[in-house]
Amino acid sequence: MKEDILEQLVDGWFLRQPATFTKHNVKYKPDTKDLAQLGTRDKSKFAVPSDIDVMAIHMNQIGTKKVSVISCKSWQGGFDVDFFYKNLSGNGNPNLPVGPGPAWKKFRELYDPLWAKAFRDKVYSETQSHDFTYFIAVTKFKSNKSQHIENFKTCKFFLDNLNDNGKYNVKIEFLTLEKILTQISLQEANTTIEATE
């Protein structure tokens, strides 16, 4: 979690929950056999692994609450949910630039079926569960650009990629920095400050 404060906060927030274990920066990419039908140029899209920022297993939960898979978007200006919903759900241009690459690369697992399969396979291999909640952790939402939060969470295209066209139970949720800090501040302190010399 090199230099990513949001990832560290998310990891710590999940670890504060009872019976919860986390793992972070879990690399994945499509299996070569899933790419066999592609040409050399198309295969290049899958040459570099992606990674899951944080995964959490909640031993005292069942169903979609047992496994949390978190993608952290720690952009200082906030997360433009309207932009990503419009351009990745089939109504816009997924190749519009966001930072150094196209928009779809920020959410490979939501947009591309081969990346989605690799993502599902990695979640299962790490947790033994096909059911999970997919969290998008954000510093904040961009002002006046959060009209499509519910549409994003219920988008059939995104969910079909994550749940293999309805085979599994998957939910999409957002987790804001404000929610993390608020819940941490409300928890009872159960640690003792170590004495120093």
# chains A, B, ... in the order shown; residues from 1 in each chain; ligands from 1
call {"tool": "residues_around", "arguments": {"residues": "range 110-114 of chain A", "least_positions_apart": "4", "cutoff": "10 Å", "atoms": "only C-alpha atoms", "output": "ChimeraX atom specification"}}
result
/A:29-31,34-35,46,87-90,94,103-106,118-120,155,157-162,164
call {"tool": "select_by_dssp", "arguments": {"residues": "chain A", "states": "helix (DSSP H, G or I)", "output": "number ranges by chain"}}
result
A: 5-15, 32-35, 40-46, 63-65, 81-88, 103-111, 113-127, 149-154, 156-163, 177-186
call {"tool": "write_last_selection", "arguments": {"atoms": "C-alpha atoms", "output": "CSV table (one decimal), in the first residue's frame"}}
result
chain,number,residue,atom,x,y,z
A,5,ILE,CA,-3.4,6.8,2.6
A,6,LEU,CA,-6.9,5.9,1.5
A,7,GLU,CA,-5.9,2.2,1.1
A,8,GLN,CA,-4.4,2.3,4.5
A,9,LEU,CA,-7.5,3.8,6.1
A,10,VAL,CA,-9.8,1.4,4.3
A,11,ASP,CA,-7.6,-1.6,5.4
A,12,GLY,CA,-7.6,-0.3,9.0
A,13,TRP,CA,-11.3,0.3,8.9
A,14,PHE,CA,-12.1,-3.2,7.9
A,15,LEU,CA,-9.6,-4.7,10.4
A,32,THR,CA,-3.8,-17.4,-21.1
A,33,LYS,CA,-6.4,-20.0,-22.1
A,34,ASP,CA,-9.1,-17.3,-21.8
A,35,LEU,CA,-7.1,-15.1,-24.3
A,40,THR,CA,-1.6,-10.4,-30.7
A,41,ARG,CA,-2.8,-6.8,-30.6
A,42,ASP,CA,-5.9,-7.6,-28.5
A,43,LYS,CA,-3.8,-9.7,-26.1
A,44,SER,CA,-1.6,-6.7,-25.3
A,45,LYS,CA,-4.6,-5.2,-23.3
A,46,PHE,CA,-4.1,-8.0,-20.8
A,63,GLY,CA,-23.7,-14.2,1.7
A,64,THR,CA,-22.6,-11.0,0.1
A,65,LYS,CA,-21.6,-9.7,3.6
A,81,VAL,CA,-19.7,9.0,-10.4
A,82,ASP,CA,-21.8,10.6,-13.2
A,83,PHE,CA,-18.8,10.5,-15.7
A,84,PHE,CA,-17.9,6.9,-15.0
A,85,TYR,CA,-21.5,5.7,-15.0
A,86,LYS,CA,-22.2,7.4,-18.3
A,87,ASN,CA,-19.1,6.3,-20.1
A,88,LEU,CA,-18.7,2.8,-18.8
A,103,ALA,CA,-11.6,5.6,-18.3
A,104,TRP,CA,-12.3,1.9,-18.7
A,105,LYS,CA,-8.9,1.0,-17.3
A,106,LYS,CA,-9.9,2.5,-13.9
A,107,PHE,CA,-12.7,-0.2,-13.7
A,108,ARG,CA,-11.5,-3.1,-15.8
A,109,GLU,CA,-13.5,-5.6,-13.8
A,110,LEU,CA,-16.7,-3.7,-14.3
A,111,TYR,CA,-16.2,-3.0,-18.0
A,113,PRO,CA,-15.7,-9.4,-19.6
A,114,LEU,CA,-12.3,-11.0,-19.7
A,115,TRP,CA,-11.0,-8.8,-16.9
A,116,ALA,CA,-14.2,-9.5,-15.0
A,117,LYS,CA,-13.7,-13.2,-15.2
A,118,ALA,CA,-10.1,-12.9,-14.0
A,119,PHE,CA,-11.3,-10.7,-11.1
A,120,ARG,CA,-14.0,-13.2,-10.1
A,121,ASP,CA,-11.5,-16.1,-10.4
A,122,LYS,CA,-9.1,-14.3,-8.1
A,123,VAL,CA,-11.8,-13.4,-5.5
A,124,TYR,CA,-12.8,-17.0,-5.4
A,125,SER,CA,-9.3,-18.4,-5.2
A,126,GLU,CA,-8.5,-16.0,-2.3
A,127,THR,CA,-11.9,-16.3,-0.4
A,149,ILE,CA,-24.9,6.8,-7.4
A,150,GLU,CA,-27.9,4.5,-7.2
A,151,ASN,CA,-27.8,3.9,-11.0
A,152,PHE,CA,-24.1,2.9,-10.7
A,153,LYS,CA,-24.8,0.5,-7.8
A,154,THR,CA,-27.6,-1.2,-9.7
A,156,LYS,CA,-27.0,-4.4,-14.9
A,157,PHE,CA,-23.9,-4.2,-17.1
A,158,PHE,CA,-21.6,-3.8,-14.2
A,159,LEU,CA,-23.3,-6.4,-12.1
A,160,ASP,CA,-23.4,-9.0,-14.9
A,161,ASN,CA,-19.7,-8.7,-15.2
A,162,LEU,CA,-19.2,-9.1,-11.5
A,163,ASN,CA,-21.8,-11.9,-10.9
A,177,LEU,CA,-13.7,8.8,3.6
A,178,GLU,CA,-16.2,10.7,5.7
A,179,LYS,CA,-18.0,7.5,6.6
A,180,ILE,CA,-14.8,5.8,7.5
A,181,LEU,CA,-13.6,8.6,9.8
A,182,THR,CA,-17.1,9.1,11.3
A,183,GLN,CA,-17.4,5.5,12.3
A,184,ILE,CA,-13.9,5.3,13.6
A,185,SER,CA,-14.5,8.4,15.8
A,186,LEU,CA,-17.7,6.8,17.2
call {"tool": "select_by_dssp", "arguments": {"residues": "chain A", "states": "strand (DSSP E)", "output": "PyMOL selection string"}}
result
chain A and resi 20-28+50-58+67-73+97-98+101-102+132-138+170-176
call {"tool": "atom_distance", "arguments": {"atom1": "CA of Gly77 in chain A", "atom2": "CA of Ala137 in chain A"}}
result
13.9 Å
call {"tool": "atom_distance", "arguments": {"atom1": "CA of Asn165 in chain A", "atom2": "CA of Phe132 in chain A"}}
result
14.5 Å
call {"tool": "residues_around", "arguments": {"residues": "Ile52 in chain A", "least_positions_apart": "2", "cutoff": "10 Å", "atoms": "only C-alpha atoms", "output": "list in words"}}
result
Lys23, His24, Asn25, Val26, Lys27, Tyr28, Ser50, Val54, Met55, Val69, Ile70, Ser71, Cys72, Glu109, Phe119, Lys122 and Val123 of chain A
call {"tool": "write_last_selection", "arguments": {"atoms": "all heavy atoms", "output": "CSV table (one decimal), in the first residue's frame"}}
result
chain,number,residue,atom,x,y,z
A,23,LYS,N,-6.4,-8.6,3.1
A,23,LYS,CA,-5.3,-8.7,2.3
A,23,LYS,C,-5.3,-7.6,1.3
A,23,LYS,O,-6.4,-7.2,0.9
A,23,LYS,CB,-5.3,-10.1,1.6
A,23,LYS,CG,-4.0,-10.5,0.9
A,23,LYS,CD,-4.2,-12.0,0.4
A,23,LYS,CE,-2.9,-12.4,-0.2
A,23,LYS,NZ,-2.9,-13.8,-0.6
A,24,HIS,N,-4.1,-7.1,0.9
A,24,HIS,CA,-4.2,-5.9,0.0
A,24,HIS,C,-3.2,-6.1,-1.2
A,24,HIS,O,-2.3,-6.9,-1.1
A,24,HIS,CB,-3.9,-4.6,0.7
A,24,HIS,CG,-2.8,-4.7,1.7
A,24,HIS,ND1,-1.5,-4.5,1.3
A,24,HIS,CD2,-2.8,-4.9,3.0
A,24,HIS,CE1,-0.7,-4.6,2.4
A,24,HIS,NE2,-1.4,-4.8,3.4
A,25,ASN,N,-3.5,-5.3,-2.2
A,25,ASN,CA,-2.7,-5.3,-3.4
A,25,ASN,C,-2.5,-6.7,-4.0
A,25,ASN,O,-1.4,-7.3,-4.2
A,25,ASN,CB,-1.3,-4.7,-3.2
A,25,ASN,CG,-1.4,-3.2,-2.9
A,25,ASN,OD1,-2.3,-2.6,-3.3
A,25,ASN,ND2,-0.5,-2.7,-2.1
A,26,VAL,N,-3.7,-7.4,-4.3
A,26,VAL,CA,-3.7,-8.7,-4.8
A,26,VAL,C,-3.8,-8.7,-6.3
A,26,VAL,O,-4.7,-8.2,-6.9
A,26,VAL,CB,-5.0,-9.5,-4.3
A,26,VAL,CG1,-5.1,-10.9,-4.8
A,26,VAL,CG2,-5.0,-9.5,-2.7
A,27,LYS,N,-2.7,-9.1,-6.9
A,27,LYS,CA,-2.6,-9.0,-8.4
A,27,LYS,C,-3.4,-10.1,-9.1
A,27,LYS,O,-3.5,-11.2,-8.6
A,27,LYS,CB,-1.1,-9.1,-8.8
A,27,LYS,CG,-0.3,-7.9,-8.4
A,27,LYS,CD,1.1,-7.9,-9.1
A,27,LYS,CE,1.9,-6.7,-8.6
A,27,LYS,NZ,1.2,-5.4,-8.8
A,28,TYR,N,-3.9,-9.7,-10.3
A,28,TYR,CA,-4.7,-10.7,-11.1
A,28,TYR,C,-4.6,-10.3,-12.6
A,28,TYR,O,-4.4,-9.1,-12.9
A,28,TYR,CB,-6.1,-10.8,-10.6
A,28,TYR,CG,-7.0,-9.6,-10.9
A,28,TYR,CD1,-7.8,-9.6,-12.1
A,28,TYR,CD2,-7.0,-8.5,-10.1
A,28,TYR,CE1,-8.5,-8.5,-12.4
A,28,TYR,CE2,-7.7,-7.4,-10.4
A,28,TYR,CZ,-8.5,-7.3,-11.6
A,28,TYR,OH,-9.3,-6.2,-11.9
A,50,SER,N,-3.6,-6.3,-13.2
A,50,SER,CA,-4.2,-5.3,-12.4
A,50,SER,C,-4.1,-5.8,-10.9
A,50,SER,O,-3.6,-6.8,-10.7
A,50,SER,CB,-5.7,-5.1,-12.8
A,50,SER,OG,-6.3,-4.1,-12.1
A,54,VAL,N,-7.9,-3.9,-1.7
A,54,VAL,CA,-8.1,-4.5,-0.4
A,54,VAL,C,-9.2,-5.6,-0.5
A,54,VAL,O,-10.2,-5.3,-1.2
A,54,VAL,CB,-8.5,-3.5,0.7
A,54,VAL,CG1,-8.7,-4.1,2.0
A,54,VAL,CG2,-7.5,-2.3,0.8
A,55,MET,N,-9.0,-6.7,0.1
A,55,MET,CA,-10.0,-7.7,0.2
A,55,MET,C,-10.2,-8.0,1.7
A,55,MET,O,-9.2,-8.0,2.5
A,55,MET,CB,-9.5,-9.0,-0.5
A,55,MET,CG,-9.3,-8.9,-1.9
A,55,MET,SD,-8.7,-10.4,-2.7
A,55,MET,CE,-10.2,-11.3,-2.7
A,69,VAL,N,-14.7,-6.7,-1.3
A,69,VAL,CA,-13.6,-6.4,-2.3
A,69,VAL,C,-13.6,-4.9,-2.6
A,69,VAL,O,-14.6,-4.4,-3.1
A,69,VAL,CB,-13.8,-7.3,-3.6
A,69,VAL,CG1,-12.6,-7.1,-4.5
A,69,VAL,CG2,-14.0,-8.7,-3.2
A,70,ILE,N,-12.5,-4.3,-2.3
A,70,ILE,CA,-12.5,-2.8,-2.3
A,70,ILE,C,-11.6,-2.2,-3.4
A,70,ILE,O,-10.4,-2.6,-3.4
A,70,ILE,CB,-12.1,-2.2,-1.0
A,70,ILE,CG1,-13.0,-2.8,0.1
A,70,ILE,CG2,-12.3,-0.7,-1.0
A,70,ILE,CD1,-12.5,-4.0,0.9
A,71,SER,N,-12.1,-1.4,-4.2
A,71,SER,CA,-11.3,-0.6,-5.2
A,71,SER,C,-11.2,0.8,-4.7
A,71,SER,O,-12.2,1.5,-4.5
A,71,SER,CB,-12.0,-0.6,-6.6
A,71,SER,OG,-11.3,0.1,-7.5
A,72,CYS,N,-10.0,1.3,-4.4
A,72,CYS,CA,-9.8,2.6,-3.8
A,72,CYS,C,-9.5,3.7,-4.9
A,72,CYS,O,-8.6,3.4,-5.8
A,72,CYS,CB,-8.7,2.6,-2.8
A,72,CYS,SG,-9.0,1.5,-1.4
A,109,GLU,N,-12.6,-4.5,-14.2
A,109,GLU,CA,-13.5,-5.6,-13.8
A,109,GLU,C,-15.0,-5.3,-14.0
A,109,GLU,O,-15.8,-6.2,-14.1
A,109,GLU,CB,-13.2,-6.0,-12.3
A,109,GLU,CG,-13.5,-4.9,-11.4
A,109,GLU,CD,-12.4,-3.8,-11.2
A,109,GLU,OE1,-11.4,-3.8,-11.9
A,109,GLU,OE2,-12.6,-3.0,-10.3
A,119,PHE,N,-11.0,-11.3,-12.4
A,119,PHE,CA,-11.3,-10.7,-11.1
A,119,PHE,C,-12.1,-11.7,-10.3
A,119,PHE,O,-11.8,-12.0,-9.1
A,119,PHE,CB,-12.1,-9.4,-11.4
A,119,PHE,CG,-12.5,-8.7,-10.1
A,119,PHE,CD1,-11.6,-7.8,-9.5
A,119,PHE,CD2,-13.7,-8.8,-9.5
A,119,PHE,CE1,-11.9,-7.0,-8.4
A,119,PHE,CE2,-14.1,-8.1,-8.4
A,119,PHE,CZ,-13.2,-7.2,-7.8
A,122,LYS,N,-10.0,-14.6,-9.2
A,122,LYS,CA,-9.1,-14.3,-8.1
A,122,LYS,C,-9.8,-14.1,-6.8
A,122,LYS,O,-9.3,-14.6,-5.7
A,122,LYS,CB,-8.3,-13.0,-8.4
A,122,LYS,CG,-7.4,-12.5,-7.4
A,122,LYS,CD,-6.4,-13.6,-6.9
A,122,LYS,CE,-5.3,-13.8,-8.0
A,122,LYS,NZ,-4.2,-14.7,-7.5
A,123,VAL,N,-11.0,-13.5,-6.8
A,123,VAL,CA,-11.8,-13.4,-5.5
A,123,VAL,C,-12.1,-14.8,-5.0
A,123,VAL,O,-11.9,-15.0,-3.8
A,123,VAL,CB,-13.1,-12.6,-5.8
A,123,VAL,CG1,-14.0,-12.7,-4.6
A,123,VAL,CG2,-12.8,-11.1,-6.1
call {"tool": "residues_around", "arguments": {"residues": "Thr139 in chain A", "least_positions_apart": "2", "cutoff": "7 Å", "atoms": "only C-alpha atoms", "output": "JSON, numbers by chain"}}
result
{"A": [74, 75, 76, 78, 176, 177]}
call {"tool": "write_last_selection", "arguments": {"atoms": "all heavy atoms", "output": "PDB file, in the first residue's frame"}}
result
ATOM      1  N   SER A  74      -8.531   7.318  -4.778  1.00  0.00           N
ATOM      2  CA  SER A  74      -8.152   8.387  -3.854  1.00  0.00           C
ATOM      3  C   SER A  74      -7.832   9.698  -4.560  1.00  0.00           C
ATOM      4  O   SER A  74      -6.828  10.345  -4.280  1.00  0.00           O
ATOM      5  CB  SER A  74      -6.959   7.930  -3.009  1.00  0.00           C
ATOM      6  OG  SER A  74      -5.905   7.472  -3.832  1.00  0.00           O
ATOM      7  N   TRP A  75      -8.711  10.096  -5.477  1.00  0.00           N
ATOM      8  CA  TRP A  75      -8.498  11.335  -6.209  1.00  0.00           C
ATOM      9  C   TRP A  75      -8.865  12.517  -5.322  1.00  0.00           C
ATOM     10  O   TRP A  75      -9.963  12.577  -4.763  1.00  0.00           O
ATOM     11  CB  TRP A  75      -9.314  11.332  -7.498  1.00  0.00           C
ATOM     12  CG  TRP A  75      -8.916  10.205  -8.409  1.00  0.00           C
ATOM     13  CD1 TRP A  75      -7.638   9.797  -8.690  1.00  0.00           C
ATOM     14  CD2 TRP A  75      -9.783   9.325  -9.134  1.00  0.00           C
ATOM     15  NE1 TRP A  75      -7.654   8.722  -9.561  1.00  0.00           N
ATOM     16  CE2 TRP A  75      -8.961   8.404  -9.846  1.00  0.00           C
ATOM     17  CE3 TRP A  75     -11.154   9.208  -9.265  1.00  0.00           C
ATOM     18  CZ2 TRP A  75      -9.463   7.414 -10.663  1.00  0.00           C
ATOM     19  CZ3 TRP A  75     -11.672   8.217 -10.069  1.00  0.00           C
ATOM     20  CH2 TRP A  75     -10.832   7.330 -10.773  1.00  0.00           C
ATOM     21  N   GLN A  76      -7.934  13.478  -5.223  1.00  0.00           N
ATOM     22  CA  GLN A  76      -8.125  14.624  -4.332  1.00  0.00           C
ATOM     23  C   GLN A  76      -9.369  15.439  -4.688  1.00  0.00           C
ATOM     24  O   GLN A  76     -10.051  15.946  -3.813  1.00  0.00           O
ATOM     25  CB  GLN A  76      -6.890  15.539  -4.390  1.00  0.00           C
ATOM     26  CG  GLN A  76      -5.619  14.892  -3.875  1.00  0.00           C
ATOM     27  CD  GLN A  76      -5.663  14.627  -2.389  1.00  0.00           C
ATOM     28  OE1 GLN A  76      -6.134  15.456  -1.633  1.00  0.00           O
ATOM     29  NE2 GLN A  76      -5.183  13.472  -1.966  1.00  0.00           N
ATOM     30  N   GLY A  78     -12.091  14.384  -5.877  1.00  0.00           N
ATOM     31  CA  GLY A  78     -13.316  13.623  -5.676  1.00  0.00           C
ATOM     32  C   GLY A  78     -13.628  12.706  -6.844  1.00  0.00           C
ATOM     33  O   GLY A  78     -13.006  12.788  -7.911  1.00  0.00           O
ATOM     34  N   THR A 176     -17.177   6.194   1.570  1.00  0.00           N
ATOM     35  CA  THR A 176     -16.513   7.494   1.527  1.00  0.00           C
ATOM     36  C   THR A 176     -15.567   7.660   2.711  1.00  0.00           C
ATOM     37  O   THR A 176     -15.741   7.038   3.765  1.00  0.00           O
ATOM     38  CB  THR A 176     -17.526   8.651   1.552  1.00  0.00           C
ATOM     39  OG1 THR A 176     -18.247   8.595   2.790  1.00  0.00           O
ATOM     40  CG2 THR A 176     -18.503   8.555   0.376  1.00  0.00           C
ATOM     41  N   LEU A 177     -14.591   8.512   2.527  1.00  0.00           N
ATOM     42  CA  LEU A 177     -13.653   8.831   3.597  1.00  0.00           C
ATOM     43  C   LEU A 177     -14.406   9.381   4.810  1.00  0.00           C
ATOM     44  O   LEU A 177     -14.082   9.062   5.953  1.00  0.00           O
ATOM     45  CB  LEU A 177     -12.624   9.845   3.087  1.00  0.00           C
ATOM     46  CG  LEU A 177     -11.513  10.261   4.039  1.00  0.00           C
ATOM     47  CD1 LEU A 177     -10.692   9.061   4.492  1.00  0.00           C
ATOM     48  CD2 LEU A 177     -10.616  11.298   3.374  1.00  0.00           C
TER      49      LEU A 177
END
call {"tool": "residues_around", "arguments": {"residues": "Ile172 in chain A", "least_positions_apart": "6", "cutoff": "7 Å", "atoms": "only C-alpha atoms", "output": "ChimeraX atom specification"}}
result
/A:133-135,153
call {"tool": "write_last_selection", "arguments": {"atoms": "N, CA and C atoms", "output": "mmCIF file, in the first residue's frame"}}
result
data_model
loop_
_atom_site.group_PDB
_atom_site.id
_atom_site.type_symbol
_atom_site.label_atom_id
_atom_site.label_comp_id
_atom_site.auth_asym_id
_atom_site.auth_seq_id
_atom_site.Cartn_x
_atom_site.Cartn_y
_atom_site.Cartn_z
ATOM 1 N N THR A 133 -19.419 -8.291 -1.744
ATOM 2 C CA THR A 133 -19.796 -6.890 -1.944
ATOM 3 C C THR A 133 -18.590 -6.168 -2.521
ATOM 4 N N TYR A 134 -18.815 -5.487 -3.627
ATOM 5 C CA TYR A 134 -17.771 -4.732 -4.316
ATOM 6 C C TYR A 134 -17.889 -3.282 -3.876
ATOM 7 N N PHE A 135 -16.919 -2.828 -3.095
ATOM 8 C CA PHE A 135 -16.923 -1.453 -2.614
ATOM 9 C C PHE A 135 -16.020 -0.584 -3.483
ATOM 10 N N LYS A 153 -24.758 1.694 -8.708
ATOM 11 C CA LYS A 153 -24.818 0.520 -7.822
ATOM 12 C C LYS A 153 -25.710 -0.587 -8.383
#
call {"tool": "decode", "arguments": {"residues": "range 91-102 of chain A", "atoms": "all heavy atoms", "output": "mmCIF file, in the first residue's frame"}}
result
data_model
loop_
_atom_site.group_PDB
_atom_site.id
_atom_site.type_symbol
_atom_site.label_atom_id
_atom_site.label_comp_id
_atom_site.auth_asym_id
_atom_site.auth_seq_id
_atom_site.Cartn_x
_atom_site.Cartn_y
_atom_site.Cartn_z
ATOM 1 N N ASN A 91 -23.398 3.980 -22.568
ATOM 2 C CA ASN A 91 -24.006 5.164 -23.174
ATOM 3 C C ASN A 91 -23.013 6.239 -23.580
ATOM 4 O O ASN A 91 -23.401 7.268 -24.117
ATOM 5 C CB ASN A 91 -25.024 5.784 -22.198
ATOM 6 C CG ASN A 91 -26.105 4.799 -21.841
ATOM 7 O OD1 ASN A 91 -26.615 4.103 -22.697
ATOM 8 N ND2 ASN A 91 -26.449 4.728 -20.568
ATOM 9 N N GLY A 92 -21.732 6.026 -23.283
ATOM 10 C CA GLY A 92 -20.750 7.067 -23.559
ATOM 11 C C GLY A 92 -19.502 6.513 -24.222
ATOM 12 O O GLY A 92 -19.555 5.516 -24.942
ATOM 13 N N ASN A 93 -18.376 7.150 -23.949
ATOM 14 C CA ASN A 93 -17.110 6.771 -24.558
ATOM 15 C C ASN A 93 -16.149 6.256 -23.488
ATOM 16 O O ASN A 93 -15.578 7.046 -22.734
ATOM 17 C CB ASN A 93 -16.501 7.972 -25.281
ATOM 18 C CG ASN A 93 -15.172 7.645 -25.936
ATOM 19 O OD1 ASN A 93 -14.699 6.513 -25.880
ATOM 20 N ND2 ASN A 93 -14.567 8.642 -26.556
ATOM 21 N N PRO A 94 -15.936 4.932 -23.402
ATOM 22 C CA PRO A 94 -15.069 4.371 -22.362
ATOM 23 C C PRO A 94 -13.591 4.693 -22.563
ATOM 24 O O PRO A 94 -12.779 4.459 -21.667
ATOM 25 C CB PRO A 94 -15.313 2.862 -22.476
ATOM 26 C CG PRO A 94 -15.759 2.661 -23.890
ATOM 27 C CD PRO A 94 -16.518 3.896 -24.265
ATOM 28 N N ASN A 95 -13.239 5.237 -23.732
ATOM 29 C CA ASN A 95 -11.840 5.563 -24.025
ATOM 30 C C ASN A 95 -11.473 7.010 -23.708
ATOM 31 O O ASN A 95 -10.338 7.420 -23.967
ATOM 32 C CB ASN A 95 -11.527 5.246 -25.488
ATOM 33 C CG ASN A 95 -11.531 3.748 -25.736
ATOM 34 O OD1 ASN A 95 -10.857 2.987 -25.053
ATOM 35 N ND2 ASN A 95 -12.323 3.318 -26.708
ATOM 36 N N LEU A 96 -12.414 7.772 -23.139
ATOM 37 C CA LEU A 96 -12.078 9.140 -22.742
ATOM 38 C C LEU A 96 -10.950 9.092 -21.709
ATOM 39 O O LEU A 96 -10.949 8.229 -20.831
ATOM 40 C CB LEU A 96 -13.297 9.849 -22.144
ATOM 41 C CG LEU A 96 -14.373 10.294 -23.140
ATOM 42 C CD1 LEU A 96 -15.560 10.884 -22.400
ATOM 43 C CD2 LEU A 96 -13.812 11.307 -24.133
ATOM 44 N N PRO A 97 -9.982 9.997 -21.801
ATOM 45 C CA PRO A 97 -8.834 9.925 -20.893
ATOM 46 C C PRO A 97 -9.178 10.311 -19.458
ATOM 47 O O PRO A 97 -9.895 11.278 -19.214
ATOM 48 C CB PRO A 97 -7.836 10.915 -21.498
ATOM 49 C CG PRO A 97 -8.663 11.853 -22.309
ATOM 50 C CD PRO A 97 -9.848 11.077 -22.787
ATOM 51 N N VAL A 98 -8.648 9.521 -18.534
ATOM 52 C CA VAL A 98 -8.697 9.829 -17.106
ATOM 53 C C VAL A 98 -7.280 9.594 -16.592
ATOM 54 O O VAL A 98 -6.831 8.450 -16.500
ATOM 55 C CB VAL A 98 -9.692 8.931 -16.347
ATOM 56 C CG1 VAL A 98 -9.629 9.215 -14.852
ATOM 57 C CG2 VAL A 98 -11.106 9.126 -16.866
ATOM 58 N N GLY A 99 -6.570 10.676 -16.333
ATOM 59 C CA GLY A 99 -5.153 10.538 -15.980
ATOM 60 C C GLY A 99 -4.383 10.024 -17.188
ATOM 61 O O GLY A 99 -4.620 10.438 -18.319
ATOM 62 N N PRO A 100 -3.483 9.057 -16.957
ATOM 63 C CA PRO A 100 -2.643 8.589 -18.057
ATOM 64 C C PRO A 100 -3.286 7.544 -18.972
ATOM 65 O O PRO A 100 -2.659 7.098 -19.923
ATOM 66 C CB PRO A 100 -1.444 7.963 -17.329
ATOM 67 C CG PRO A 100 -2.008 7.527 -16.025
ATOM 68 C CD PRO A 100 -3.077 8.506 -15.668
ATOM 69 N N GLY A 101 -4.515 7.145 -18.710
ATOM 70 C CA GLY A 101 -5.125 6.109 -19.537
ATOM 71 C C GLY A 101 -6.606 6.329 -19.742
ATOM 72 O O GLY A 101 -7.191 7.281 -19.205
ATOM 73 N N PRO A 102 -7.253 5.453 -20.512
ATOM 74 C CA PRO A 102 -8.690 5.586 -20.762
ATOM 75 C C PRO A 102 -9.519 5.250 -19.520
ATOM 76 O O PRO A 102 -9.063 4.531 -18.628
ATOM 77 C CB PRO A 102 -8.940 4.578 -21.882
ATOM 78 C CG PRO A 102 -7.851 3.564 -21.743
ATOM 79 C CD PRO A 102 -6.663 4.307 -21.228
#
